[in-house]
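Contents: one structure, followed by commentary.
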Amino acid sequence: MSRETPTDRAGAQHASDRRRSAFGNRQARHGWVEALVVVLAGFLVMAVVAALGLWAAGAAGLPGAAFPRVVAGVVVMAVGGSVRFSGDAGALAETRADMSVVPLSVTVAGALVIAAGILRPLRHRAVAGARELAGWGGRLAVLWVLALVGLSFLARQTFAVPAGSETLSDIGELLDISPRIGFETDLPLTLLFGLLWLVGLFVLTLLVSRRAPLPARLLRFQESVRPAAFAMVVMLLVCVALGAVIGLVSAAAQGGAADKLAVVLLCLPNLMWLALTVGLGASWEGRVEGQPFELPMPHALDTVLRNADDSTLNLRSLTEIDGRWWWLAVAAGILVLACAFLMAARSPAHMRAWQHGVHMAVALALTVLTICLLGRVSAHFALSVLGIGDLGGGLSGEVSLRPQLWTALGFAVLWGFIGGFLGGLLARPVHRRGEVRAAGRPTAAHRA
């Protein structure tokens, strides 16, 4: 056995000091300044997307300089916050309004920027301590809550609602009917759900990215969790990208560019992820009623939701109006199979096809559950005079959309297992990370 000399000990101590110094510098790279940059960048991107979408929807002309405050309200809703509405229409009338919807285009834009900011100081490392990750997440959370408080105080306004025709305006002046709508954030709920949104994004970012370090105790779970989580994020983003292409092509070919741009910038994921679940076999209950909600949605979808008091939106009801909607099932099947192949190709080679099926079934069920929770829509506006409703000449209206949850989850599990099983079989010939090919045959060596 070789004897360690003082020179060797000094060299080892110097190397250890350098490693500790490098580690300390890396930790310092995600301090308060870096957290502030991440939070501000996320809110700035969401505000820009929301402002452009509202401008395209015609909201720039709102009275009382309400536009910036409406933008703030949309950003609050995009991160899970709660906005309360109130109405006033003078002595002889009253207005009622409520809205519960998540503008997912704004949400996705902000989430991508914040996720990139979360990962930036953690990249190029395999392991990170739980205390370090908790410190990084805690700094982000503190600044996030402070930013939400400021945004919540900005997101409040009251402005008049146009009465429509000149005759209705004259009647309104005669009867002292001046419909007004106000909104403000529910601060406790906004802080609660906004913080949960950030925590969920932080955890999801660590689960999805290979560049994100994990505590040593959790490394054994990354082989089964990360490939499936990554595949689900890819699937959702591909849906959004396809929807953006379809929307832009439709705007160029059919006109109505402003309305379609508003949809793309405000609620494109709402429509595309709804279409994904319908393609998988899910059913949604909903209705659209009234002129205020003349939404730029596909004709078949609008027709189904306006047919009855509570309509069922699924493949059958859509294809009864236009048989081409069966392509939703084909597109969903192709997308699930492609993502299952991607998941299997990123998984260790020793996993069997049935294991890929189980992982995909669980991941797809959780993804569909998230879509169902985020995709719910409830909006209502009503004007009544002397207790008689809808005297506003079409000013009243309602939109609602809610999933049949258990049916959606059941189809997600079925599609996920079949897709994962087939994806695992298709990925067998693919060279995986950590494999070494010798003499034309792949052998599992070490996993990267």
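Ordered as shown in the structure tokens, chains take letters A, B, and onward, while each chain numbers its residues from 1 and ligands are numbered from 1 in the order shown.
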Determine, for each residue of range 142-162 of chain A having at least one atom at most 9 Å from an atom of range 36-44 of chain A, the closest pair of atoms and their separation in Å to one decimal, counting only C-alpha atoms; order by chain and ascending number, as JSON lines.
{"residue": "A:Leu143", "atom": "CA", "partner": "A:Leu36", "partner_atom": "CA", "distance": 6.5}
{"residue": "A:Trp144", "atom": "CA", "partner": "A:Val39", "partner_atom": "CA", "distance": 6.2}
{"residue": "A:Ala147", "atom": "CA", "partner": "A:Val39", "partner_atom": "CA", "distance": 8.0}
Exercise for the section: Pick out each residue of range 182-419 of chain A that DSSP on the backbone tags as helix (DSSP H, G or I); I need them as a ChimeraX atom specification. Expected result: /A:187-208,216-254,257-266,268-280,291-293,299-306,315-321,323-345,353-374,405-419
Fill in the blank from the handout: Residue with the minimum atom-to-atom distance to Val127 in chain A, picked from A:Leu206, A:Val70, A:Val430, A:Ile418 with only C-alpha atoms counted, is A:Leu206
Exercise for the section: Excluding Ala329 in chain A and residues on its chain fewer than 6 positions from it, collect all residues at most 9 Å away from it, counting only C-alpha atoms, and give them as JSON, numbers by chain. Expected result: {"A": [276, 278, 279, 280, 281, 315]}
Output N, CA, C and O atoms of each residue in that selection to a file, as a short mmCIF file (atom, residue, chain, number, x, y, z; two decimals), in the first residue's frame.
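For reference, selection-v8.cif as written:
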data_model
loop_
_atom_site.label_atom_id
_atom_site.label_comp_id
_atom_site.auth_asym_id
_atom_site.auth_seq_id
_atom_site.Cartn_x
_atom_site.Cartn_y
_atom_site.Cartn_z
N LEU A 276 -57.94 17.41 -28.08
CA LEU A 276 -57.18 16.19 -27.78
C LEU A 276 -58.01 15.24 -26.93
O LEU A 276 -58.08 14.03 -27.23
N VAL A 278 -61.27 15.12 -26.61
CA VAL A 278 -62.40 14.63 -27.40
C VAL A 278 -61.92 13.54 -28.36
O VAL A 278 -62.60 12.52 -28.56
N GLY A 279 -60.75 13.72 -28.97
CA GLY A 279 -60.20 12.70 -29.85
C GLY A 279 -59.92 11.40 -29.12
O GLY A 279 -60.02 10.31 -29.70
N LEU A 280 -59.57 11.48 -27.83
CA LEU A 280 -59.34 10.28 -27.02
C LEU A 280 -60.63 9.61 -26.58
O LEU A 280 -60.59 8.50 -26.03
N GLY A 281 -61.78 10.29 -26.78
CA GLY A 281 -63.07 9.70 -26.43
C GLY A 281 -63.81 10.39 -25.31
O GLY A 281 -64.90 9.96 -24.92
N LEU A 315 -67.11 13.11 -29.89
CA LEU A 315 -66.91 12.77 -31.30
C LEU A 315 -68.23 12.53 -32.02
O LEU A 315 -68.41 12.93 -33.17
#
Practice task
Could you please determine the separation between CA of Trp325 in chain A and CA of Ser250 in chain A in Å, to one decimal place?
Solution key: 16.7 Å
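Closest approach to Val336 in chain A from the set A:Gly410, A:Gly423, A:Gly182, A:Gly31 is made by A:Gly423, with distances taken over only C-alpha atoms.
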